[in-house]
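Below: one structure, written as structure tokens.
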Amino acid sequence: MPVTGTGTPMRRTADGPGPEAMVAVRDLVRTYGGGPAAVRALRGVTFEVPRGELVAVRGRSGAGKTTLLNLVGGLDRPDAGRVAVDGVDLAGLGERRLLELRRERVGFVFQTFGLIPTLTAAENVGVPLRLRRAPRHEREARVELLLSLVGLREHAAQRPGELSGGQQQRVAIARALANRPALLLADEPTGQLDTRTRETVLELLRAVVDSEGATVLLTTHDDELLRRADRVFELRDGVVTAGR
Ligand SMILES: Nc1ncnc2c1ncn2[C@@H]1O[C@H](COP(=O)(O)OP(=O)(O)OP(=O)(O)O)[C@@H](O)[C@H]1O
């Protein structure tokens with residue numbers, strides 16, 4: 001069973017992103033607050049994420065990485081500039097269409113995990129499948145596969161409060177992959193993992209890109225993850241530059 005994506009590996013472009021980039025960001029500006037206390041998190045960010053690549057954004061704490069992922073995922077709106085996902089300009093979408101795009105095309109791994117505390121690990125992973133009313137047998141098979149891929153089969157019945165930070169992070173990754181998103185957005189997806197589980201997650205992220213044709217945009221400080229990325233951007237002083 002495919003882990004994610006469309007099932008068809010996407011075309012790779014050797015000489016940079018073409019017009020059909022999965023994510024295209026132009027002159028993105030996001031300022032929090034106003035007056036002298038205003039924080040200019042993004043000051044004109046432009047970059048593209050080609051389809052079928054694993055792209056990493058690095059930058060110091062507070063550089064604006066989470067802000068950028070939230071804008072790409074349509075969880076927040078920019079003050080200026082454009083975000084297009086899969087050729088769709090997010091500015092042109094109302095809240096309902098944005099929600100549909102997120103549910104159907106995008107998987108999120110948040111730094112804070114965003115798990116529902118009253119649900120078990122398995123139920124959390126199954127949430128996106130319930131939302132799209134997947135039949136029960138499909139849901140159960142998919143949840144089981146994903147939990148074993150992230151090494152958590154034995155923890156299926158535990159609630160987030162009964163799991164370690166690293167285990168919760170892996171539940172969040174499994175949940176983000178539940179609907180086979182074309183685009184996976186992940187904020188520091190290996191931040192809480194030990195060496196062994198980190199390797200599992202690194203391999204999983206590569207697999208969703210290499211075997212399933214998904215596109216991954218993530219933020220990280222993890223050198224090993226940066227090494228395995230197809231492309232690295234650096235976010236510094238509110239703008240993005242090529243990171244390597
Ligand atoms: N809701 C908010 N209100 C006010 N300021 C905010 C808000 N969210 C973020 N900021 C500020 O915007 C800047 C960028 O924050 P962001 O969380 O995007 O950084 P980051 O690169 O993800 O950091 P980290 O690596 O620590 O997660 C920071 O200075 C932060 O304090």
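For the structure tokens, the naming scheme is as follows: chains receive sequential letters (A, B, ...) according to their order of presentation, residues are indexed from 1 within each chain, and ligands are indexed from 1 in presentation order.
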
### Task
Please give me, as a ChimeraX atom specification, the residues lying within 10 Å of ligand 1 when counting only C-alpha atoms and all ligand atoms.
/A:30-34,37-42,57-70,76,111-112,187-188,219-221,235-236,238

Practice problem: as number ranges by chain, please: all residues of stretch 13-241 of chain A that backbone DSSP puts in strand (DSSP E or B). | Solution: A: 23-32, 39-49, 54-58, 80-85, 88-89, 106-109, 183-187, 215-219, 231-236, 239-241

- [ ] Tell me, as a list in words, which residues lie within 12 Å of A:Arg130, counting only C-alpha atoms; anything in the same chain fewer than 3 positions away does not count.
- [x]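 Selected residues are Arg103, Ala122, Glu123, Asn124, Val125, Gly126, Val127, Arg133, Ala134, Pro135, Arg136, His137, Glu138, Arg139, Glu140, Arg142, Val143, Arg175, Ala178 and Asn179 of chain A.
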
Just-selected residues, C-alpha atoms written as a PDB file, in the first residue's frame:
ATOM      1  CA  ARG A 103      -7.578  18.177   3.870  1.00  0.00           C
ATOM      2  CA  ALA A 122      -4.479   4.995  16.431  1.00  0.00           C
ATOM      3  CA  GLU A 123      -7.530   7.248  16.598  1.00  0.00           C
ATOM      4  CA  ASN A 124      -5.360  10.334  16.128  1.00  0.00           C
ATOM      5  CA  VAL A 125      -3.760   8.843  13.013  1.00  0.00           C
ATOM      6  CA  GLY A 126      -7.238   7.968  11.736  1.00  0.00           C
ATOM      7  CA  VAL A 127      -8.658  11.494  12.098  1.00  0.00           C
ATOM      8  CA  ARG A 133     -15.253   9.312   5.442  1.00  0.00           C
ATOM      9  CA  ALA A 134     -12.916   6.498   4.413  1.00  0.00           C
ATOM     10  CA  PRO A 135     -14.525   3.078   4.963  1.00  0.00           C
ATOM     11  CA  ARG A 136     -13.667   1.480   8.299  1.00  0.00           C
ATOM     12  CA  HIS A 137     -11.608  -1.436   6.913  1.00  0.00           C
ATOM     13  CA  GLU A 138      -9.511   0.954   4.802  1.00  0.00           C
ATOM     14  CA  ARG A 139      -9.042   3.232   7.779  1.00  0.00           C
ATOM     15  CA  GLU A 140      -7.941   0.447  10.094  1.00  0.00           C
ATOM     16  CA  ARG A 142      -3.979   2.346   6.846  1.00  0.00           C
ATOM     17  CA  VAL A 143      -3.629   3.292  10.510  1.00  0.00           C
ATOM     18  CA  ARG A 175      -1.334  11.248  10.968  1.00  0.00           C
ATOM     19  CA  ALA A 178      -2.777   9.261   6.503  1.00  0.00           C
ATOM     20  CA  ASN A 179      -4.416  10.787   3.439  1.00  0.00           C
TER      21      ASN A 179
END

| said: I need the residues in stretch 90-154 of chain A that are alpha helix (DSSP H) according to DSSP; give them as a PyMOL selection string. | reply: chain A and resi 95-105+121-131+136-149

task: With a distance cut-off of 9 Å and only C-alpha atoms, select the neighbouring residues of stretch 85-93 of chain A, excluding the residue or stretch itself and same-chain residues fewer than 3 positions from it, and output the selection as a PyMOL selection string.
output: chain A and resi 19-25+51+72-74+77-78+82+96-98+101+105+182-183

With N, CA and C atoms kept, could you save the residues just selected as an mmCIF file, in the first residue's frame?
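Okay, this is what ended up in part.cif:
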data_model
loop_
_atom_site.group_PDB
_atom_site.id
_atom_site.type_symbol
_atom_site.label_atom_id
_atom_site.label_comp_id
_atom_site.auth_asym_id
_atom_site.auth_seq_id
_atom_site.Cartn_x
_atom_site.Cartn_y
_atom_site.Cartn_z
ATOM 1 N N PRO A 19 7.819 25.711 -14.115
ATOM 2 C CA PRO A 19 6.615 26.480 -13.818
ATOM 3 C C PRO A 19 5.611 25.693 -12.987
ATOM 4 N N GLU A 20 5.773 24.386 -12.935
ATOM 5 C CA GLU A 20 4.793 23.580 -12.204
ATOM 6 C C GLU A 20 5.294 23.186 -10.821
ATOM 7 N N ALA A 21 6.026 24.056 -10.181
ATOM 8 C CA ALA A 21 6.507 23.743 -8.840
ATOM 9 C C ALA A 21 5.322 23.419 -7.930
ATOM 10 N N MET A 22 5.537 22.531 -6.979
ATOM 11 C CA MET A 22 4.464 22.195 -6.040
ATOM 12 C C MET A 22 4.131 23.375 -5.141
ATOM 13 N N VAL A 23 5.185 24.106 -4.746
ATOM 14 C CA VAL A 23 4.984 25.318 -3.947
ATOM 15 C C VAL A 23 5.735 26.454 -4.621
ATOM 16 N N ALA A 24 5.074 27.572 -4.826
ATOM 17 C CA ALA A 24 5.750 28.764 -5.359
ATOM 18 C C ALA A 24 5.391 29.940 -4.451
ATOM 19 N N VAL A 25 6.412 30.503 -3.864
ATOM 20 C CA VAL A 25 6.244 31.598 -2.918
ATOM 21 C C VAL A 25 6.924 32.831 -3.507
ATOM 22 N N ARG A 51 8.203 19.728 -7.592
ATOM 23 C CA ARG A 51 7.465 18.498 -7.279
ATOM 24 C C ARG A 51 8.424 17.335 -7.077
ATOM 25 N N VAL A 72 2.436 28.732 3.824
ATOM 26 C CA VAL A 72 2.378 27.794 2.694
ATOM 27 C C VAL A 72 1.190 26.851 2.850
ATOM 28 N N GLY A 73 0.899 26.471 4.098
ATOM 29 C CA GLY A 73 -0.218 25.560 4.341
ATOM 30 C C GLY A 73 -1.562 26.259 4.444
ATOM 31 N N GLY A 74 -1.579 27.573 4.284
ATOM 32 C CA GLY A 74 -2.841 28.298 4.320
ATOM 33 C C GLY A 74 -3.439 28.406 5.718
ATOM 34 N N ARG A 77 -2.509 34.042 6.737
ATOM 35 C CA ARG A 77 -2.474 34.804 5.480
ATOM 36 C C ARG A 77 -1.332 35.823 5.530
ATOM 37 N N PRO A 78 -0.634 36.007 4.411
ATOM 38 C CA PRO A 78 0.471 36.980 4.408
ATOM 39 C C PRO A 78 -0.047 38.420 4.370
ATOM 40 N N ARG A 82 2.615 36.269 -2.491
ATOM 41 C CA ARG A 82 1.769 35.198 -3.008
ATOM 42 C C ARG A 82 2.276 33.828 -2.596
ATOM 43 N N ARG A 96 -13.405 27.988 3.043
ATOM 44 C CA ARG A 96 -13.866 26.613 2.800
ATOM 45 C C ARG A 96 -12.986 25.884 1.784
ATOM 46 N N ARG A 97 -12.642 26.579 0.707
ATOM 47 C CA ARG A 97 -11.787 25.967 -0.311
ATOM 48 C C ARG A 97 -10.385 25.699 0.246
ATOM 49 N N LEU A 98 -9.942 26.613 1.095
ATOM 50 C CA LEU A 98 -8.629 26.456 1.720
ATOM 51 C C LEU A 98 -8.617 25.199 2.597
ATOM 52 N N LEU A 101 -8.485 22.160 0.391
ATOM 53 C CA LEU A 101 -7.134 21.955 -0.145
ATOM 54 C C LEU A 101 -6.244 21.321 0.909
ATOM 55 N N ARG A 105 -4.923 17.657 0.039
ATOM 56 C CA ARG A 105 -3.628 17.678 -0.626
ATOM 57 C C ARG A 105 -2.441 17.827 0.300
ATOM 58 N N ALA A 182 -0.198 15.055 -1.248
ATOM 59 C CA ALA A 182 0.745 15.386 -2.323
ATOM 60 C C ALA A 182 1.878 16.228 -1.756
ATOM 61 N N LEU A 183 1.554 17.028 -0.718
ATOM 62 C CA LEU A 183 2.542 17.900 -0.092
ATOM 63 C C LEU A 183 2.535 17.669 1.411
#

Grab the atom CA of A:Leu204 to atom CA of A:Asp223 distance for me, in Å with one decimal place.
->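 So the two atoms, atom CA of A:Leu204 and atom CA of A:Asp223, lie 16.8 Å apart.
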
Pairwise distance, atom CA of A:Gln168 with atom CA of A:Phe113, equals 6.9 Å

Distance criterion (only C-alpha atoms): nearest to A:Arg170 out of A:Asp27, A:Leu71, A:Leu185, A:Val201: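 Comparing A:Asp27, A:Leu71, A:Leu185, A:Val201 against A:Arg170, the winner is A:Val201.
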
Counting only C-alpha atoms, the residue among A:Asp237, A:Glu48, A:Asp230, A:Glu104 that lies closest to A:Val83 is A:Glu48

- Query: With only C-alpha atoms as the atoms that count, which of A:Ala80, A:Leu131, A:Ala214, A:Ala121 lies nearest to A:Gln167?
  - Reply: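 Under the stated criterion, the closest residue is A:Ala121.
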
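Nearest-residue note for A:Glu234: choosing from A:Ala56, A:Arg43, A:Leu28, A:Gly107, the minimum distance belongs to A:Ala56, counting only C-alpha atoms.
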
For A:Arg227, the closest of A:Ala242, A:Val45, A:Leu149, A:Leu54 counting only C-alpha atoms is A:Leu54

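Among the candidate residues A:Gly166, A:Gly161, A:Gly114, A:Pro50, the one lying nearest to A:Thr215 is A:Pro50, with distances computed using only C-alpha atoms.
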